[in-house]
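Data from target.txt: compact mmCIF, C-alpha atoms and all ligand atoms
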```txt
# COMPACT_ATOMS: atom_id res chain seq x y z
CA MET P 168 104.11 64.28 89.42
CA ASN P 169 101.43 66.87 88.64
CA ILE P 170 98.98 66.70 85.80
CA PHE P 171 101.15 68.80 83.47
CA ASP P 172 104.14 66.53 83.92
CA PHE P 173 101.88 63.61 83.16
CA PHE P 174 100.99 64.95 79.73
CA ARG P 175 104.54 65.97 79.00
CA GLU P 176 105.69 62.43 79.84
CA ARG P 177 103.12 60.92 77.51
CA LYS P 178 104.22 63.07 74.61
CA LYS P 179 107.92 62.51 75.04
CA GLU P 180 109.49 59.58 73.23
CA THR P 181 110.86 56.91 75.52
CA THR P 182 114.58 56.21 75.40
CA ALA P 183 113.77 52.66 74.26
CA SER P 184 111.91 53.96 71.21
CA ILE P 185 114.84 56.25 70.38
CA ALA P 186 117.14 53.24 70.65
CA LYS P 187 114.93 51.21 68.34
CA GLU P 188 114.80 53.93 65.72
CA ARG P 189 118.56 54.45 65.76
CA LEU P 190 119.15 50.71 65.50
CA GLN P 191 116.79 50.30 62.57
CA ILE P 192 118.68 52.98 60.64
CA ILE P 193 122.20 51.78 61.39
CA VAL P 194 121.39 48.10 60.86
CA ALA P 195 119.75 48.79 57.49
CA HIS P 196 122.78 50.84 56.45
CA GLU P 197 125.25 48.17 57.54
CA ARG P 198 123.31 45.42 55.79
CA GLY P 199 123.56 47.44 52.60
CA GLN P 200 127.33 47.77 53.01
CA ARG P 201 127.66 44.06 53.68
CA SER P 202 126.13 42.98 50.41
CA LYS P 203 128.75 44.89 48.43
CA PRO P 204 131.39 42.68 46.83
CA ASP P 205 134.84 42.64 48.47
CA TYR P 206 136.59 43.80 45.29
CA LEU P 207 135.10 47.32 45.22
CA PRO P 208 137.88 49.09 47.19
CA ALA P 209 140.60 47.47 45.03
CA LEU P 210 138.68 48.35 41.87
CA GLN P 211 138.40 51.95 43.03
CA GLN P 212 142.13 52.11 43.78
CA GLU P 213 143.11 50.76 40.39
CA LEU P 214 140.76 53.12 38.58
CA VAL P 215 142.38 56.05 40.37
CA GLU P 216 145.79 54.88 39.22
CA VAL P 217 144.70 54.57 35.60
CA ILE P 218 143.09 58.01 35.57
CA ARG P 219 146.14 59.55 37.22
CA LYS P 220 148.19 58.63 34.15
CA TYR P 221 146.22 61.31 32.32
CA VAL P 222 144.74 63.69 34.88
CA ASN P 223 145.93 64.49 38.36
CA ILE P 224 143.15 63.56 40.78
CA ASP P 225 142.83 62.62 44.46
CA SER P 226 141.73 59.15 45.39
CA ASP P 227 138.49 60.44 46.90
CA GLN P 228 137.51 61.94 43.54
CA VAL P 229 136.56 58.54 42.21
CA GLN P 230 133.41 57.01 43.63
CA VAL P 231 132.38 53.46 42.87
CA ALA P 232 128.97 52.08 43.71
CA LEU P 233 127.22 48.88 42.81
CA GLU P 234 123.46 48.84 42.67
CA ASN P 235 121.28 45.82 42.29
CA GLN P 236 118.25 46.23 40.07
CA GLY P 237 116.30 43.06 39.69
CA SER P 238 118.36 40.50 37.82
CA CYS P 239 121.23 42.82 36.88
CA SER P 240 123.69 45.00 38.75
CA ILE P 241 124.79 48.45 37.72
CA LEU P 242 128.33 49.60 38.41
CA GLU P 243 128.26 53.35 38.79
CA LEU P 244 131.47 55.38 38.47
CA ASN P 245 131.54 58.98 39.49
CA ILE P 246 134.77 60.77 38.67
CA THR P 247 135.26 64.41 39.49
CA LEU P 248 137.95 66.06 37.39
CA PRO P 249 139.82 69.05 38.81
CA ASP P 250 139.15 72.59 37.56
CA ARG P 251 140.80 73.37 34.28
CA MET U 376 123.80 12.81 63.10
CA ALA U 377 125.67 15.05 65.52
CA LYS U 378 124.69 18.69 65.65
CA ILE U 379 127.23 21.47 66.03
CA LEU U 380 125.76 24.43 67.90
CA VAL U 381 127.62 27.71 68.31
CA VAL U 382 126.77 30.20 71.04
CA THR U 383 127.92 33.57 69.72
CA SER U 384 127.22 37.31 70.00
CA GLY U 385 129.87 39.64 68.67
CA LYS U 386 129.73 41.80 71.77
CA GLY U 387 131.48 40.61 74.91
CA GLY U 388 129.98 39.88 78.30
CA VAL U 389 126.42 39.34 77.13
CA GLY U 390 126.04 35.83 78.54
CA LYS U 391 127.52 33.37 76.01
CA THR U 392 129.33 31.22 78.55
CA THR U 393 126.36 31.25 80.95
CA THR U 394 124.19 30.17 78.01
CA SER U 395 126.59 27.50 76.70
CA ALA U 396 126.73 25.93 80.16
CA ALA U 397 122.95 26.09 80.62
CA ILE U 398 121.97 24.84 77.17
CA GLY U 399 124.61 22.09 77.11
CA THR U 400 123.54 20.89 80.55
CA GLY U 401 119.87 21.07 79.53
CA LEU U 402 120.50 18.89 76.48
CA ALA U 403 122.32 16.32 78.64
CA LEU U 404 119.47 16.42 81.19
CA ARG U 405 117.14 15.39 78.39
CA GLY U 406 119.29 12.37 77.59
CA HIS U 407 121.42 13.72 74.75
CA LYS U 408 125.12 13.01 74.89
CA THR U 409 126.62 16.50 74.86
CA VAL U 410 130.02 18.16 74.97
CA ILE U 411 130.53 21.87 75.65
CA VAL U 412 133.68 23.22 74.04
CA ASP U 413 135.36 26.41 75.23
CA PHE U 414 136.75 28.32 72.22
CA ASP U 415 137.91 31.30 74.27
CA VAL U 416 141.66 30.69 73.93
CA GLY U 417 143.59 32.56 76.61
CA LEU U 418 140.45 33.34 78.63
CA ARG U 419 139.22 29.94 79.75
CA ASN U 420 136.07 30.37 81.86
CA LEU U 421 133.59 27.67 80.95
CA ASP U 422 135.35 25.30 83.38
CA LEU U 423 134.57 27.67 86.27
CA ILE U 424 130.93 28.08 85.30
CA MET U 425 130.61 24.29 84.99
CA GLY U 426 132.49 23.76 88.27
CA CYS U 427 135.23 21.52 86.83
CA GLU U 428 138.15 23.99 86.92
CA ARG U 429 140.28 21.77 89.15
CA ARG U 430 139.96 18.80 86.86
CA VAL U 431 141.41 20.40 83.73
CA VAL U 432 144.55 18.49 82.80
CA TYR U 433 144.61 18.77 79.02
CA ASP U 434 142.87 21.32 76.81
CA PHE U 435 141.70 21.85 73.24
CA VAL U 436 145.12 22.98 71.99
CA ASN U 437 146.86 19.97 73.57
CA VAL U 438 144.60 17.72 71.53
CA VAL U 439 145.14 19.70 68.33
CA ASN U 440 148.90 19.46 68.83
CA GLY U 441 148.76 15.74 69.56
CA GLU U 442 150.00 16.18 73.14
CA ALA U 443 146.89 14.43 74.47
CA THR U 444 144.08 12.35 73.07
CA LEU U 445 140.54 13.62 73.03
CA THR U 446 139.56 10.98 75.59
CA GLN U 447 142.23 12.31 77.94
CA ALA U 448 141.14 15.93 77.50
CA LEU U 449 137.37 15.46 77.84
CA ILE U 450 136.19 16.22 81.38
CA LYS U 451 133.18 14.21 82.44
CA ASP U 452 130.60 16.12 84.44
CA LYS U 453 130.18 14.87 88.01
CA ARG U 454 126.42 15.42 88.03
CA LEU U 455 125.26 14.18 84.64
CA GLU U 456 126.10 10.97 82.85
CA ASN U 457 125.85 12.44 79.33
CA LEU U 458 127.78 15.64 79.79
CA TYR U 459 131.41 16.53 78.99
CA VAL U 460 133.52 19.68 78.83
CA LEU U 461 136.54 20.45 76.65
CA ALA U 462 138.50 23.31 78.18
CA ALA U 463 140.13 26.15 76.26
CA SER U 464 143.85 26.57 76.35
CA GLN U 465 145.31 29.34 78.52
CA THR U 466 148.07 30.02 76.01
CA ARG U 467 148.63 33.58 74.90
CA ASP U 468 149.42 32.40 71.39
CA LYS U 469 146.48 33.63 69.32
CA ASP U 470 147.32 31.26 66.50
CA ALA U 471 147.17 28.16 68.67
CA LEU U 472 143.97 27.12 66.89
CA THR U 473 143.78 26.64 63.15
CA LYS U 474 140.84 25.78 60.94
CA GLU U 475 142.38 22.38 60.21
CA GLY U 476 142.95 21.69 63.91
CA VAL U 477 139.41 22.65 64.85
CA GLU U 478 137.98 20.61 61.99
CA LYS U 479 139.86 17.53 63.13
CA ILE U 480 138.53 17.78 66.68
CA ILE U 481 134.97 18.61 65.61
CA ASN U 482 134.92 15.60 63.32
CA GLU U 483 136.14 13.37 66.12
CA LEU U 484 133.51 14.79 68.50
CA ARG U 485 130.81 14.18 65.90
CA GLU U 486 131.43 10.47 66.19
CA THR U 487 130.65 10.22 69.92
CA PHE U 488 128.32 13.11 70.71
CA GLU U 489 124.83 14.10 69.69
CA TYR U 490 125.44 17.77 70.46
CA VAL U 491 128.63 19.79 70.33
CA VAL U 492 128.04 23.20 71.96
CA CYS U 493 130.74 25.71 71.02
CA ASP U 494 131.17 28.63 73.45
CA SER U 495 132.50 31.44 71.26
CA PRO U 496 134.84 34.20 72.41
CA ALA U 497 133.66 37.78 71.97
CA GLY U 498 134.47 39.75 68.83
CA ILE U 499 134.29 38.91 65.15
CA GLU U 500 137.95 38.01 64.71
CA LYS U 501 139.68 34.68 64.33
CA GLY U 502 138.51 33.01 67.56
CA ALA U 503 134.86 33.82 67.00
CA HIS U 504 135.19 32.81 63.36
CA LEU U 505 136.64 29.41 64.25
CA ALA U 506 133.89 28.81 66.82
CA MET U 507 131.11 29.39 64.28
CA TYR U 508 132.74 28.08 61.11
CA PHE U 509 131.61 24.44 61.39
CA ALA U 510 128.23 25.15 63.01
CA ASP U 511 124.90 23.71 61.94
CA GLU U 512 122.92 26.00 64.23
CA ALA U 513 123.74 29.26 66.00
CA ILE U 514 122.37 30.75 69.18
CA VAL U 515 122.91 34.49 68.95
CA VAL U 516 122.98 35.83 72.51
CA THR U 517 121.79 39.43 72.64
CA ASN U 518 121.14 41.93 75.43
CA PRO U 519 118.35 44.48 74.95
CA GLU U 520 120.82 47.28 74.39
CA VAL U 521 121.97 49.14 71.24
CA SER U 522 125.54 47.94 70.89
CA SER U 523 124.67 44.31 71.56
CA VAL U 524 121.86 44.31 68.98
CA ARG U 525 124.07 45.93 66.37
CA ASP U 526 126.88 43.43 66.99
CA SER U 527 124.41 40.54 66.79
CA ASP U 528 123.35 41.77 63.38
CA ARG U 529 126.96 41.85 62.22
CA MET U 530 127.42 38.33 63.54
CA LEU U 531 124.33 37.21 61.59
CA GLY U 532 125.96 38.65 58.46
CA LEU U 533 129.09 36.59 59.12
CA LEU U 534 127.12 33.40 59.82
CA ALA U 535 125.42 33.84 56.47
CA SER U 536 128.58 34.51 54.48
CA LYS U 537 131.73 33.27 56.21
CA SER U 538 130.75 29.87 57.61
CA ARG U 539 131.59 26.50 56.11
CA ARG U 540 127.95 26.02 55.12
CA ALA U 541 127.93 29.39 53.35
CA GLU U 542 131.21 28.75 51.57
CA LEU U 543 130.11 25.34 50.34
CA GLY U 544 126.70 26.66 49.31
CA GLU U 545 124.96 24.25 51.69
CA GLU U 546 121.77 24.93 53.59
CA PRO U 547 122.49 27.99 55.76
CA ILE U 548 123.15 27.85 59.51
CA LYS U 549 119.90 27.84 61.45
CA GLU U 550 119.85 31.01 63.55
CA HIS U 551 118.18 31.45 66.93
CA LEU U 552 117.85 34.63 68.96
CA LEU U 553 118.34 34.36 72.71
CA LEU U 554 117.60 37.62 74.48
CA THR U 555 119.28 37.65 77.89
CA ARG U 556 119.45 39.96 80.92
CA TYR U 557 115.90 41.06 80.13
CA ASN U 558 114.25 43.39 82.62
CA PRO U 559 110.45 43.58 82.13
CA GLU U 560 110.14 46.49 84.59
CA ARG U 561 112.48 48.65 82.57
CA VAL U 562 110.84 47.60 79.31
CA GLN U 563 107.48 48.65 80.70
CA LYS U 564 108.90 52.04 81.67
CA GLY U 565 110.27 52.51 78.16
CA GLU U 566 113.86 52.35 79.41
CA MET U 567 114.82 49.12 77.67
CA LEU U 568 114.22 47.65 74.22
CA GLY U 569 111.40 45.12 74.35
CA VAL U 570 111.52 41.61 72.97
CA GLU U 571 109.35 42.58 69.96
CA ASP U 572 111.68 45.48 69.16
CA VAL U 573 114.75 43.24 69.04
CA GLU U 574 112.90 40.54 67.11
CA GLU U 575 111.78 43.12 64.57
CA ILE U 576 115.28 44.50 64.06
CA LEU U 577 117.14 41.20 63.86
CA ALA U 578 114.34 39.23 62.17
CA ILE U 579 115.33 35.76 63.33
CA ARG U 580 113.47 33.09 65.28
CA LEU U 581 113.21 33.76 69.02
CA LEU U 582 114.55 30.84 71.04
CA GLY U 583 113.96 32.41 74.42
CA VAL U 584 114.14 35.35 76.75
CA ILE U 585 116.26 34.99 79.88
CA PRO U 586 115.44 37.53 82.59
CA GLU U 587 118.08 39.51 84.43
CA SER U 588 118.38 37.28 87.47
CA GLN U 589 120.22 37.03 90.75
CA ALA U 590 120.23 33.27 90.27
CA VAL U 591 122.92 33.57 87.57
CA LEU U 592 125.58 34.97 89.90
CA LYS U 593 124.56 32.57 92.65
CA ALA U 594 124.99 29.67 90.25
CA SER U 595 128.34 30.84 88.89
CA ASN U 596 129.64 31.39 92.43
CA GLN U 597 129.10 27.70 93.02
CA GLY U 598 130.09 26.34 89.63
CA VAL U 599 126.60 25.04 88.94
CA PRO U 600 125.02 25.79 85.54
CA VAL U 601 121.96 27.94 86.30
CA ILE U 602 119.61 25.54 84.51
CA LEU U 603 120.13 23.12 87.40
CA ASP U 604 118.55 25.70 89.73
CA ASP U 605 115.07 24.70 88.62
CA GLN U 606 113.41 26.99 91.14
CA SER U 607 114.93 30.09 89.57
CA ASP U 608 113.43 32.23 86.82
CA ALA U 609 116.61 32.11 84.72
CA GLY U 610 116.89 28.34 85.18
CA GLN U 611 113.32 27.83 84.04
CA ALA U 612 113.72 30.21 81.12
CA TYR U 613 116.81 28.30 79.94
CA SER U 614 114.89 25.04 80.35
CA ASP U 615 112.14 26.32 78.07
CA ALA U 616 114.76 27.43 75.54
CA VAL U 617 116.26 23.92 75.45
CA ASP U 618 112.80 22.44 74.86
CA ARG U 619 112.25 24.86 71.97
CA LEU U 620 115.67 23.99 70.56
CA LEU U 621 114.50 20.37 70.51
CA GLY U 622 111.38 21.37 68.59
CA LYS U 623 108.82 21.66 71.38
CA GLU U 624 106.33 24.53 71.38
CA VAL U 625 106.62 26.24 74.74
CA ALA U 626 104.99 29.54 75.66
CA HIS U 627 107.39 32.35 76.66
CA ARG U 628 107.49 33.21 80.37
CA PHE U 629 109.02 36.05 82.39
CA LEU U 630 108.20 38.68 79.77
CA ASP U 631 105.85 40.68 81.93
CA VAL U 632 106.26 42.62 85.13
CA LYS U 633 105.64 40.44 88.16
CA LYS U 634 102.37 41.24 89.85
CA GLN U 635 103.18 42.58 93.28
CA GLY U 636 101.01 42.28 96.35
CA PHE U 637 99.35 45.39 97.72
CA MET U 638 101.66 45.66 100.74
CA GLN U 639 104.71 45.15 98.53
CA ARG U 640 103.56 47.90 96.23
CA LEU U 641 103.03 50.20 99.17
CA PHE U 642 106.36 49.65 100.85
CA GLY U 643 108.52 48.71 97.88
CA GLY U 644 109.04 45.00 97.57
CA ARG U 645 112.30 43.13 97.80
CA GLU U 646 112.89 39.50 97.01
N1 LIG P 701 120.45 36.49 82.89
C1 LIG P 701 121.43 37.07 83.61
N2 LIG P 701 121.14 37.76 84.74
C2 LIG P 701 122.12 38.34 85.47
N3 LIG P 701 123.43 38.29 85.16
C3 LIG P 701 123.79 37.62 84.04
C4 LIG P 701 122.83 36.98 83.22
N4 LIG P 701 123.48 36.39 82.18
C5 LIG P 701 124.78 36.64 82.37
N5 LIG P 701 125.01 37.38 83.48
C6 LIG P 701 126.29 37.86 84.01
O1 LIG P 701 126.95 38.58 83.00
C7 LIG P 701 128.34 38.36 83.05
C8 LIG P 701 128.87 37.88 81.73
O2 LIG P 701 128.34 36.60 81.45
P1 LIG P 701 129.13 35.54 80.57
O3 LIG P 701 130.49 35.30 81.10
O4 LIG P 701 128.23 34.36 80.38
O5 LIG P 701 129.24 36.37 79.22
P2 LIG P 701 130.10 36.05 77.92
O6 LIG P 701 129.30 36.53 76.77
O7 LIG P 701 130.51 34.61 77.91
O8 LIG P 701 131.37 36.96 78.13
P3 LIG P 701 132.72 36.97 77.24
O9 LIG P 701 132.36 37.73 76.00
O10 LIG P 701 133.70 37.69 78.08
O11 LIG P 701 133.06 35.54 76.97
C9 LIG P 701 128.58 37.37 84.18
O12 LIG P 701 128.96 38.08 85.33
C10 LIG P 701 127.23 36.72 84.38
O13 LIG P 701 127.04 36.30 85.70
MG MG P 702 132.47 33.74 77.66
```
For this file, produce the structure as structure tokens.
Ligand SMILES: Nc1ncnc2c1ncn2[C@@H]1O[C@H](COP(=O)(O)OP(=O)(O)OP(=O)(O)O)[C@@H](O)[C@H]1O
Ligand SMILES: [Mg+2]
Amino acid sequence: MNIFDFFRERKKETTASIAKERLQIIVAHERGQRSKPDYLPALQQELVEVIRKYVNIDSDQVQVALENQGSCSILELNITLPDR
Amino acid sequence: MAKILVVTSGKGGVGKTTTSAAIGTGLALRGHKTVIVDFDVGLRNLDLIMGCERRVVYDFVNVVNGEATLTQALIKDKRLENLYVLAASQTRDKDALTKEGVEKIINELRETFEYVVCDSPAGIEKGAHLAMYFADEAIVVTNPEVSSVRDSDRMLGLLASKSRRAELGEEPIKEHLLLTRYNPERVQKGEMLGVEDVEEILAIRLLGVIPESQAVLKASNQGVPVILDDQSDAGQAYSDAVDRLLGKEVAHRFLDVKKQGFMQRLFGGRE
């Protein structure tokens, strides 16, 4: 190892630090998913069916998200209607 | 009061059975009447690690089905007075164990034992769920490697939401992190997650760090739990972990690279 390699080595991230960073991101994401109530997918499905009685939409055009803000939770619905 | 301890991980092959055998034996060594229960239906292995494979007559499922009594199925360890093993069934029927069946056996074991150590199968499906469901404390066995750490975190989520204690709103399962197959050399080189990294990500109490050790294979070859090899690094590390489990404050060992002699460093040392 010459002196230039030495400095290059020092600057480069180690594979362990890459692993740690990736884990922190995925674990935080999965913990967020976990705290969601089990009924959300069913709720989303039923909403799609109700809306379809009036407008023709795909199931991925309804997005349901639950956000916790202090003592209350906010249920957010995002429905994209097709072009008229 | 009996304590139900589950040894779990999510990911397979990380050292659950090695740990169950070591911790269970360590508890018995310290005078606590202990039974180690193999929950890995279809893949019985604890008996081999404990060295009692030729004495299995009845198993867990036989007792659940009323084909044998618990007394008939419990295998007494030949080395230690206080130690017993309950073998897993080799049946391929995945539904051989039910929550009711497991509950019945656990309650019976509670009456005679101080510690019930449950060796969980890998995964997060039914078998792993049954092994952790009745637990009071959990030892989450983790290797310093991305998929093992992620799976441990998922298992922690399940312990906190899908256990009996969680469902009844009781005090949550006490969680312990056991980092195994740790290689200080590789950690120093930046090739392996360090103990602080894993602690930071999982954020649970560290019970111990077991080094990657040749003693583990040597012990399993002979059917001797590695904790009985008290000259070995892994045996000593497991011993410390048992002391911590029992509330003792013990400093962590085997975290740093061994200091090598000058000649060893020159010519590349081998143990
Ligand atoms: N500290 C260690 N050092 C070296 N090898 C180890 C160590 N711990 C476990 N092993 C080895 O790793 C392998 C898997 O161990 P073990 O059977 O205990 O894992 P497990 O989690 O019970 O696996 P499974 O998920 O299949 O039940 C075995 O070959 C064992 O000898
Ligand atoms: Mg196992």
Quick one: residues within 6 Å of ligand MG 702 (chain P), with all atoms listed in the file, as a ChimeraX atom specification? /U:391-392,496
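Interatomic distance, atom CA of Lys469 of chain U against atom CA of Val438 of chain U: 16.2 Å.
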What separation in Å, quoted to one decimal, exists between atom CA of Leu404 of chain U and atom CA of Thr446 of chain U? 21.6 Å
Around ligand LIG 701 (chain P), out to 9 Å and counting all atoms listed in the file, which residues are there? I want them as an NGL selection string. :U and (382-396 or 415 or 418-421 or 424 or 494-498 or 516 or 554-557 or 584-596 or 609)
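Considering the residues U:Ala506, U:Met530, U:Ile548, U:Ala578 and counting only C-alpha atoms, Arg201 of chain P has its shortest atom-to-atom contact with U:Met530.
Considering the residues P:Val215, P:Val229, P:Ala186, P:Val222 and counting all atoms listed in the file, chain U has its shortest atom-to-atom contact with P:Ala186.
Taking atom CA of Gly569 of chain U and atom CA of Lys549 of chain U as the two end points, the separation is 23.2 Å.
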Quick one: everything within 9 Å of Ser184 of chain P, counting all atoms listed in the file, minus sequence neighbours fewer than 4 positions away in the same chain. Send it as a PyMOL selection string. (chain P and resi 180+188-189) or (chain U and resi 565-568+572)
Distance limit 10 Å, atoms considered: all atoms listed in the file. Which chain U residues sit that close to chain P? Return them as a PDB file with C-alpha atoms, in the coordinates of the input.
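File written: selection.pdb
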```pdb
ATOM      1  CA  PRO U 519     118.350  44.480  74.950  1.00  0.00           C
ATOM      2  CA  GLU U 520     120.820  47.280  74.390  1.00  0.00           C
ATOM      3  CA  VAL U 521     121.970  49.140  71.240  1.00  0.00           C
ATOM      4  CA  SER U 522     125.540  47.940  70.890  1.00  0.00           C
ATOM      5  CA  VAL U 524     121.860  44.310  68.980  1.00  0.00           C
ATOM      6  CA  ARG U 525     124.070  45.930  66.370  1.00  0.00           C
ATOM      7  CA  ASP U 526     126.880  43.430  66.990  1.00  0.00           C
ATOM      8  CA  ASP U 528     123.350  41.770  63.380  1.00  0.00           C
ATOM      9  CA  ARG U 529     126.960  41.850  62.220  1.00  0.00           C
ATOM     10  CA  GLY U 532     125.960  38.650  58.460  1.00  0.00           C
ATOM     11  CA  LEU U 533     129.090  36.590  59.120  1.00  0.00           C
ATOM     12  CA  SER U 536     128.580  34.510  54.480  1.00  0.00           C
ATOM     13  CA  ARG U 561     112.480  48.650  82.570  1.00  0.00           C
ATOM     14  CA  VAL U 562     110.840  47.600  79.310  1.00  0.00           C
ATOM     15  CA  GLN U 563     107.480  48.650  80.700  1.00  0.00           C
ATOM     16  CA  LYS U 564     108.900  52.040  81.670  1.00  0.00           C
ATOM     17  CA  GLY U 565     110.270  52.510  78.160  1.00  0.00           C
ATOM     18  CA  GLU U 566     113.860  52.350  79.410  1.00  0.00           C
ATOM     19  CA  MET U 567     114.820  49.120  77.670  1.00  0.00           C
ATOM     20  CA  LEU U 568     114.220  47.650  74.220  1.00  0.00           C
ATOM     21  CA  GLY U 569     111.400  45.120  74.350  1.00  0.00           C
ATOM     22  CA  ASP U 572     111.680  45.480  69.160  1.00  0.00           C
ATOM     23  CA  VAL U 573     114.750  43.240  69.040  1.00  0.00           C
ATOM     24  CA  GLU U 575     111.780  43.120  64.570  1.00  0.00           C
ATOM     25  CA  ILE U 576     115.280  44.500  64.060  1.00  0.00           C
ATOM     26  CA  LEU U 577     117.140  41.200  63.860  1.00  0.00           C
TER      27      LEU U 577
END
```
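Within 7 Å of the point (141.4, 66.8, 34.9), and counting all atoms listed in the file, the protein, DNA and RNA residues are Val222, Asn223, Ile224, Leu248, Pro249, Asp250 and Arg251 of chain P.
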Spatial neighbours of Arg485 of chain U, 9 Å, only C-alpha atoms, chain gap at least 6 places, as a ChimeraX atom specification: /U:376-379,491
Just want the 7 Å neighbourhood of Asp434 of chain U, counted on only C-alpha atoms, with same-chain residues fewer than 4 positions away dropped. Output as JSON, numbers by chain. {"U": [438, 448, 461, 462, 463, 464]}
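For Thr400 of chain U, the set of protein, DNA and RNA residues having any atom at most 8 Å away, when counting all atoms listed in the file and skipping those fewer than 2 positions along the same chain, is Ala396, Ala397, Ile398, Leu402, Ala403, Leu404, Thr409, Leu458, Pro600, Ile602 and Leu603 of chain U.
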Would you mind listing what lies within 12 Å of Pro208 of chain P as a short mmCIF file (atom, residue, chain, number, x, y, z; two decimals) with C-alpha atoms, in the frame of the given file, with only C-alpha atoms counted and same-chain residues fewer than 2 positions away left out?
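Written output follows (result.cif):
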```cif
data_model
loop_
_atom_site.label_atom_id
_atom_site.label_comp_id
_atom_site.auth_asym_id
_atom_site.auth_seq_id
_atom_site.Cartn_x
_atom_site.Cartn_y
_atom_site.Cartn_z
CA LYS P 203 128.75 44.89 48.43
CA PRO P 204 131.39 42.68 46.83
CA ASP P 205 134.84 42.64 48.47
CA TYR P 206 136.59 43.80 45.29
CA LEU P 210 138.68 48.35 41.87
CA GLN P 211 138.40 51.95 43.03
CA GLN P 212 142.13 52.11 43.78
CA GLU P 213 143.11 50.76 40.39
CA LEU P 214 140.76 53.12 38.58
CA VAL P 215 142.38 56.05 40.37
CA SER P 226 141.73 59.15 45.39
CA ASP P 227 138.49 60.44 46.90
CA VAL P 229 136.56 58.54 42.21
CA GLN P 230 133.41 57.01 43.63
CA VAL P 231 132.38 53.46 42.87
CA ALA P 232 128.97 52.08 43.71
CA LEU P 233 127.22 48.88 42.81
#
```
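Here the question is which of U:Pro559, U:Ala616, U:Ser523, U:Ala510 gets nearest to Ala535 of chain U using all atoms listed in the file, and that residue is U:Ala510.
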